[in-house]
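The file my_file-v1.cif comes next; it holds mmCIF, C-alpha atoms.
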data_target
loop_
_atom_site.group_PDB
_atom_site.id
_atom_site.type_symbol
_atom_site.label_atom_id
_atom_site.label_comp_id
_atom_site.auth_asym_id
_atom_site.auth_seq_id
_atom_site.Cartn_x
_atom_site.Cartn_y
_atom_site.Cartn_z
ATOM 1 C CA MET T 247 -137.189 -13.187 -24.349
ATOM 2 C CA GLY T 248 -137.579 -16.953 -24.787
ATOM 3 C CA LYS T 249 -137.304 -19.668 -22.197
ATOM 4 C CA GLN T 250 -134.158 -19.262 -20.138
ATOM 5 C CA ALA T 251 -131.524 -21.911 -19.617
ATOM 6 C CA LYS T 252 -131.788 -24.049 -16.528
ATOM 7 C CA VAL T 253 -129.912 -23.005 -13.398
ATOM 8 C CA LEU T 254 -127.942 -26.080 -12.342
ATOM 9 C CA SER T 255 -128.356 -27.593 -8.899
ATOM 10 C CA THR T 256 -125.417 -28.974 -6.919
ATOM 11 C CA LYS T 257 -126.638 -32.441 -7.902
ATOM 12 C CA ASP T 258 -126.691 -31.443 -11.601
ATOM 13 C CA VAL T 259 -123.110 -30.144 -11.392
ATOM 14 C CA LYS T 260 -121.956 -33.423 -9.801
ATOM 15 C CA ARG T 261 -123.686 -35.413 -12.556
ATOM 16 C CA VAL T 262 -122.027 -33.334 -15.262
ATOM 17 C CA LEU T 263 -118.588 -33.682 -13.673
ATOM 18 C CA GLN T 264 -119.044 -37.451 -13.291
ATOM 19 C CA PHE T 265 -120.071 -37.753 -16.930
ATOM 20 C CA ILE T 266 -117.158 -35.623 -18.112
ATOM 21 C CA SER T 267 -114.597 -37.554 -16.054
ATOM 22 C CA ALA T 268 -115.754 -40.868 -17.530
ATOM 23 C CA ASN T 269 -115.473 -39.796 -21.173
ATOM 24 C CA ASN T 270 -112.978 -38.686 -23.815
ATOM 25 C CA HIS T 271 -111.371 -35.249 -23.521
ATOM 26 C CA ALA T 272 -112.169 -35.089 -19.796
ATOM 27 C CA ALA T 273 -109.547 -32.424 -18.970
ATOM 28 C CA ARG T 274 -110.655 -30.159 -21.802
ATOM 29 C CA ASN T 275 -114.386 -30.603 -21.246
ATOM 30 C CA ARG T 276 -114.081 -30.067 -17.490
ATOM 31 C CA ALA T 277 -112.141 -26.822 -18.039
ATOM 32 C CA ILE T 278 -114.706 -25.616 -20.600
ATOM 33 C CA PHE T 279 -117.570 -26.398 -18.198
ATOM 34 C CA MET T 280 -115.775 -24.655 -15.329
ATOM 35 C CA CYS T 281 -115.135 -21.501 -17.411
ATOM 36 C CA SER T 282 -118.908 -21.257 -17.695
ATOM 37 C CA LEU T 283 -119.759 -22.327 -14.125
ATOM 38 C CA LEU T 284 -116.976 -20.521 -12.211
ATOM 39 C CA GLY T 285 -116.275 -17.633 -14.585
ATOM 40 C CA GLY T 286 -119.686 -16.933 -16.075
ATOM 41 C CA MET T 287 -118.239 -17.072 -19.574
ATOM 42 C CA ARG T 288 -120.460 -17.338 -22.635
ATOM 43 C CA ALA T 289 -119.928 -20.086 -25.234
ATOM 44 C CA CYS T 290 -118.548 -17.541 -27.734
ATOM 45 C CA GLU T 291 -116.057 -16.278 -25.141
ATOM 46 C CA ILE T 292 -114.876 -19.794 -24.287
ATOM 47 C CA ALA T 293 -114.551 -20.650 -27.977
ATOM 48 C CA ASN T 294 -112.515 -17.523 -28.734
ATOM 49 C CA LEU T 295 -110.299 -17.611 -25.636
ATOM 50 C CA GLN T 296 -106.633 -17.550 -26.648
ATOM 51 C CA VAL T 297 -103.802 -19.056 -24.623
ATOM 52 C CA VAL T 298 -102.088 -15.646 -24.322
ATOM 53 C CA ALA T 299 -105.217 -14.126 -22.747
ATOM 54 C CA ALA T 300 -105.472 -16.839 -20.080
ATOM 55 C CA ILE T 301 -101.825 -17.746 -19.406
ATOM 56 C CA ASP T 302 -98.986 -15.302 -18.699
ATOM 57 C CA SER T 303 -95.404 -15.595 -20.009
ATOM 58 C CA ASP T 304 -94.425 -17.627 -16.915
ATOM 59 C CA GLY T 305 -97.115 -20.216 -17.676
ATOM 60 C CA GLU T 306 -99.366 -19.072 -14.816
ATOM 61 C CA VAL T 307 -103.098 -18.558 -15.143
ATOM 62 C CA ARG T 308 -103.901 -14.849 -15.104
ATOM 63 C CA ASN T 309 -106.022 -13.244 -12.375
ATOM 64 C CA GLU T 310 -107.940 -11.390 -15.071
ATOM 65 C CA ILE T 311 -108.581 -12.605 -18.586
ATOM 66 C CA TYR T 312 -109.132 -9.873 -21.138
ATOM 67 C CA LEU T 313 -111.565 -10.869 -23.861
ATOM 68 C CA SER T 314 -111.154 -8.761 -26.985
ATOM 69 C CA PRO T 315 -114.202 -7.215 -28.666
ATOM 70 C CA LEU T 316 -114.036 -9.934 -31.342
ATOM 71 C CA ALA T 317 -114.311 -12.640 -28.642
ATOM 72 C CA THR T 318 -117.398 -11.285 -26.891
ATOM 73 C CA LYS T 319 -121.085 -10.754 -27.473
ATOM 74 C CA GLY T 320 -121.812 -7.240 -28.694
ATOM 75 C CA ASN T 321 -118.214 -6.576 -29.781
ATOM 76 C CA LYS T 322 -117.325 -4.976 -26.433
ATOM 77 C CA GLY T 323 -114.135 -6.193 -24.806
ATOM 78 C CA ARG T 324 -114.386 -7.236 -21.181
ATOM 79 C CA TYR T 325 -112.429 -8.754 -18.327
ATOM 80 C CA VAL T 326 -113.229 -12.101 -16.752
ATOM 81 C CA TYR T 327 -112.027 -12.121 -13.155
ATOM 82 C CA VAL T 328 -110.547 -15.511 -12.341
ATOM 83 C CA SER T 329 -111.273 -17.045 -8.942
ATOM 84 C CA THR T 330 -108.808 -19.330 -7.194
ATOM 85 C CA LYS T 331 -110.994 -22.326 -8.103
ATOM 86 C CA LEU T 332 -111.131 -21.388 -11.775
ATOM 87 C CA LYS T 333 -107.359 -20.782 -11.826
ATOM 88 C CA GLN T 334 -106.868 -24.308 -10.478
ATOM 89 C CA GLU T 335 -109.190 -25.764 -13.120
ATOM 90 C CA ILE T 336 -107.421 -23.993 -15.995
ATOM 91 C CA ALA T 337 -104.000 -24.909 -14.564
ATOM 92 C CA ARG T 338 -105.087 -28.563 -14.360
ATOM 93 C CA TYR T 339 -106.140 -28.423 -17.992
ATOM 94 C CA ILE T 340 -102.915 -26.853 -19.278
ATOM 95 C CA ALA T 341 -100.912 -29.409 -17.273
ATOM 96 C CA ALA T 342 -102.842 -32.204 -19.022
ATOM 97 C CA VAL T 343 -102.931 -30.530 -22.454
ATOM 98 C CA PRO T 344 -99.971 -28.128 -22.730
ATOM 99 C CA PRO T 345 -100.543 -25.300 -25.224
ATOM 100 C CA THR T 346 -98.435 -25.392 -28.372
ATOM 101 C CA HIS T 347 -98.488 -21.684 -29.215
ATOM 102 C CA SER T 348 -99.534 -18.625 -27.210
ATOM 103 C CA HIS T 349 -101.749 -17.250 -29.992
ATOM 104 C CA ASN T 350 -103.715 -20.469 -30.466
ATOM 105 C CA LYS T 351 -107.091 -20.902 -28.893
ATOM 106 C CA LEU T 352 -106.989 -22.392 -25.399
ATOM 107 C CA PHE T 353 -109.612 -25.029 -26.233
ATOM 108 C CA TYR T 354 -109.666 -26.973 -29.435
ATOM 109 C CA SER T 355 -111.520 -29.880 -30.954
ATOM 110 C CA GLN T 356 -110.089 -32.937 -32.628
ATOM 111 C CA LYS T 357 -109.693 -30.824 -35.772
ATOM 112 C CA GLY T 358 -106.632 -29.112 -34.338
ATOM 113 C CA ALA T 359 -105.148 -26.395 -32.163
ATOM 114 C CA ILE T 360 -105.071 -23.594 -34.690
ATOM 115 C CA ALA T 361 -108.746 -23.495 -35.663
ATOM 116 C CA GLY T 362 -110.100 -24.366 -32.239
ATOM 117 C CA PHE T 363 -113.787 -24.541 -31.452
ATOM 118 C CA SER T 364 -116.315 -22.225 -33.002
ATOM 119 C CA PRO T 365 -118.990 -20.737 -30.723
ATOM 120 C CA ASN T 366 -121.475 -23.095 -32.389
ATOM 121 C CA THR T 367 -119.400 -26.221 -31.703
ATOM 122 C CA ILE T 368 -118.917 -25.189 -28.040
ATOM 123 C CA THR T 369 -122.696 -24.721 -27.792
ATOM 124 C CA GLN T 370 -123.196 -28.178 -29.312
ATOM 125 C CA LEU T 371 -120.636 -29.660 -26.903
ATOM 126 C CA PHE T 372 -122.525 -28.236 -23.922
ATOM 127 C CA GLY T 373 -125.783 -29.619 -25.332
ATOM 128 C CA GLN T 374 -124.263 -33.067 -25.749
ATOM 129 C CA ILE T 375 -122.758 -33.054 -22.246
ATOM 130 C CA TYR T 376 -126.053 -32.029 -20.616
ATOM 131 C CA LYS T 377 -128.105 -34.476 -22.678
ATOM 132 C CA GLU T 378 -125.799 -37.404 -21.949
ATOM 133 C CA SER T 379 -125.666 -36.404 -18.267
ATOM 134 C CA GLY T 380 -129.474 -36.654 -18.196
ATOM 135 C CA ILE T 381 -130.064 -32.979 -17.426
ATOM 136 C CA ASP T 382 -133.117 -31.524 -19.153
ATOM 137 C CA LYS T 383 -133.542 -27.888 -20.188
ATOM 138 C CA ALA T 384 -129.849 -27.074 -19.767
ATOM 139 C CA SER T 385 -127.899 -25.227 -22.440
ATOM 140 C CA SER T 386 -124.558 -23.523 -22.970
ATOM 141 C CA HIS T 387 -125.965 -20.646 -20.886
ATOM 142 C CA SER T 388 -126.764 -22.827 -17.842
ATOM 143 C CA GLY T 389 -123.308 -22.494 -16.282
ATOM 144 C CA ARG T 390 -123.437 -18.711 -16.719
ATOM 145 C CA ARG T 391 -126.919 -18.446 -15.161
ATOM 146 C CA THR T 392 -125.830 -20.749 -12.327
ATOM 147 C CA PHE T 393 -122.750 -18.565 -11.713
ATOM 148 C CA LEU T 394 -124.789 -15.351 -11.542
ATOM 149 C CA THR T 395 -127.562 -16.887 -9.436
ATOM 150 C CA ALA T 396 -125.014 -18.326 -6.973
ATOM 151 C CA LEU T 397 -123.503 -14.869 -6.516
ATOM 152 C CA ALA T 398 -126.943 -13.384 -5.849
ATOM 153 C CA GLU T 399 -127.727 -16.191 -3.376
ATOM 154 C CA LYS T 400 -124.586 -15.266 -1.459
ATOM 155 C CA GLY T 401 -125.709 -11.644 -1.213
ATOM 156 C CA VAL T 402 -123.320 -10.138 -3.766
ATOM 157 C CA ASN T 403 -124.430 -6.667 -4.840
ATOM 158 C CA VAL T 404 -126.163 -6.666 -8.231
ATOM 159 C CA ARG T 405 -123.726 -4.017 -9.529
ATOM 160 C CA VAL T 406 -120.813 -6.365 -8.812
ATOM 161 C CA ILE T 407 -122.682 -9.228 -10.476
ATOM 162 C CA MET T 408 -123.325 -6.962 -13.467
ATOM 163 C CA GLN T 409 -119.583 -6.257 -13.736
ATOM 164 C CA LEU T 410 -118.706 -9.961 -13.472
ATOM 165 C CA ALA T 411 -121.281 -10.789 -16.159
ATOM 166 C CA GLY T 412 -119.989 -8.111 -18.505
ATOM 167 C CA HIS T 413 -123.448 -6.591 -18.808
ATOM 168 C CA ARG T 414 -124.059 -2.913 -19.494
ATOM 169 C CA SER T 415 -127.590 -3.018 -18.098
ATOM 170 C CA MET T 416 -128.692 -4.020 -14.610
ATOM 171 C CA ALA T 417 -132.013 -5.189 -16.088
ATOM 172 C CA THR T 418 -130.144 -7.733 -18.215
ATOM 173 C CA THR T 419 -128.258 -9.022 -15.180
ATOM 174 C CA GLN T 420 -131.431 -9.331 -13.146
ATOM 175 C CA ARG T 421 -133.031 -11.509 -15.851
ATOM 176 C CA TYR T 422 -130.224 -14.041 -15.391
ATOM 177 C CA ILE T 423 -130.742 -14.435 -11.658
ATOM 178 C CA GLU T 424 -133.273 -17.023 -10.617
ATOM 179 C CA ALA T 425 -135.129 -16.418 -7.370
ATOM 180 C CA ASN T 426 -135.557 -19.892 -5.931
ATOM 181 C CA PRO T 427 -137.564 -20.915 -2.839
ATOM 182 C CA GLU T 428 -134.439 -21.192 -0.657
ATOM 183 C CA MET T 429 -133.381 -17.630 -1.570
ATOM 184 C CA ILE T 430 -136.850 -16.365 -0.717
ATOM 185 C CA ARG T 431 -136.859 -18.177 2.662
ATOM 186 C CA ARG T 432 -133.438 -16.740 3.591
ATOM 187 C CA ALA T 433 -134.599 -13.253 2.594
ATOM 188 C CA LEU T 434 -137.607 -13.551 4.898
ATOM 189 C CA GLU T 435 -135.366 -14.428 7.825
ATOM 190 C CA LEU T 436 -133.470 -11.159 7.405
ATOM 191 C CA VAL T 437 -136.510 -9.147 8.539
#

Output the file's structure in the form of structure tokens.
Amino acid sequence: MGKQAKVLSTKDVKRVLQFISANNHAARNRAIFMCSLLGGMRACEIANLQVVAAIDSDGEVRNEIYLSPLATKGNKGRYVYVSTKLKQEIARYIAAVPPTHSHNKLFYSQKGAIAGFSPNTITQLFGQIYKESGIDKASSHSGRRTFLTALAEKGVNVRVIMQLAGHRSMATTQRYIEANPEMIRRALELV
């Protein structure tokens, strides 16, 4: 396995959000970033997310987003469990950019609502955001790694983290989690 994406610090997240808020497509780019950071979603999952999967018939953000096998890595459908914070972020986005059709993609580029982003263009968008925010070694996977590491730091059982990540192997999940010095110090204090 190659070099892993950077786990974002609180300071990094603030820098990204400041950059996003000061530039074009702020509502969209913030929601995309938050799907990664607060939902652990992969770039391909964000790119393929349809309005109907995220928003119910009453216009409310769903508690669980089902990602079809075509939308995920490995062609295995999975659920993304939506926290209160992520629901608020998606709701803010749809208030700013109301969807035009329930079967369109939730996020789309300047090319239009029907085609939406491809996984590659979402990956490029993340790269551009991190580069212009001045954050080195971050990639489209940084939000996902940060999400999983934050759960581990809070003492969430690795099996729960595995479920939230959509992994089939605990070994895969454990590779995502970064053991940082603060985590190690807190662990020592438990003895």

**Q.** Test item: the PyMOL selection byres ((chain T and resi 268-276) around 10) resolved as a ChimeraX atom specification
**A.** /T:262-267,277-281,335-336,338-343,352-356,368,371-372,375

Q. Do you have the atom CA of T:Val402-atom CA of T:Leu313 distance handy?
A.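 So the answer is 23.3 Å.
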
Q: Identify all residues satisfying the PyMOL selection byres ((chain T and resi 363) around 10) in the given file; provide them as a list in words.
A: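 After applying the PyMOL selection byres ((chain T and resi 363) around 10), what remains is Ala289, Cys290, Ile292, Ala293, Asn294, Leu295, Lys351, Leu352, Phe353, Tyr354, Ser355, Gln356, Lys357, Gly358, Ala359, Ile360, Ala361, Gly362, Ser364, Pro365, Asn366, Thr367, Ile368, Thr369 and Leu371 of chain T.
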
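Note that atom CA of T:Tyr312 and atom CA of T:Ala300 are 7.9 Å apart.
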
Q | Residue neighbourhood T:Tyr422, 12 Å, only C-alpha atoms, exclusion window fewer than 3 positions, as a ChimeraX atom specification | A | /T:247,249-253,286,387-398,404,407-408,411,413,415-419,425

Q: Can you give me, as an MDAnalysis selection string, the residues this file yields under the PyMOL selection byres ((chain T and resi 311) around 9)?
A: chainID T and resid 295 299:301 307:310 312:313 324:328

Store the residues of this selection in a file with C-alpha atoms, as a short mmCIF file (atom, residue, chain, number, x, y, z; two decimals), keeping the file's coordinate frame.
data_model
loop_
_atom_site.label_atom_id
_atom_site.label_comp_id
_atom_site.auth_asym_id
_atom_site.auth_seq_id
_atom_site.Cartn_x
_atom_site.Cartn_y
_atom_site.Cartn_z
CA LEU T 295 -110.30 -17.61 -25.64
CA ALA T 299 -105.22 -14.13 -22.75
CA ALA T 300 -105.47 -16.84 -20.08
CA ILE T 301 -101.82 -17.75 -19.41
CA VAL T 307 -103.10 -18.56 -15.14
CA ARG T 308 -103.90 -14.85 -15.10
CA ASN T 309 -106.02 -13.24 -12.38
CA GLU T 310 -107.94 -11.39 -15.07
CA TYR T 312 -109.13 -9.87 -21.14
CA LEU T 313 -111.56 -10.87 -23.86
CA ARG T 324 -114.39 -7.24 -21.18
CA TYR T 325 -112.43 -8.75 -18.33
CA VAL T 326 -113.23 -12.10 -16.75
CA TYR T 327 -112.03 -12.12 -13.16
CA VAL T 328 -110.55 -15.51 -12.34
#

Q) To one decimal place, how far is atom CA of T:Gln296 from atom CA of T:His347 in Å? A)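 For atom CA of T:Gln296 relative to atom CA of T:His347, the distance reads 9.5 Å.
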
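Shortest atom-to-atom contact with T:Val259 among T:Ala337, T:Ser348, T:Ala384, T:Asn321: T:Ala384, counting all atoms listed in the file.
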
(Q) Considering all atoms listed in the file, can you say which of T:Lys322, T:Lys377, T:His349, T:Arg414 comes closest to T:Val297? (A)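 For T:Val297, the nearest of the candidates is T:His349.
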
Q.
Please determine, counting all atoms listed in the file, which residue among T:Arg421, T:Gly412, T:Lys331, T:Glu378 has the shortest atom-to-atom distance to T:Thr318.
A. T:Gly412
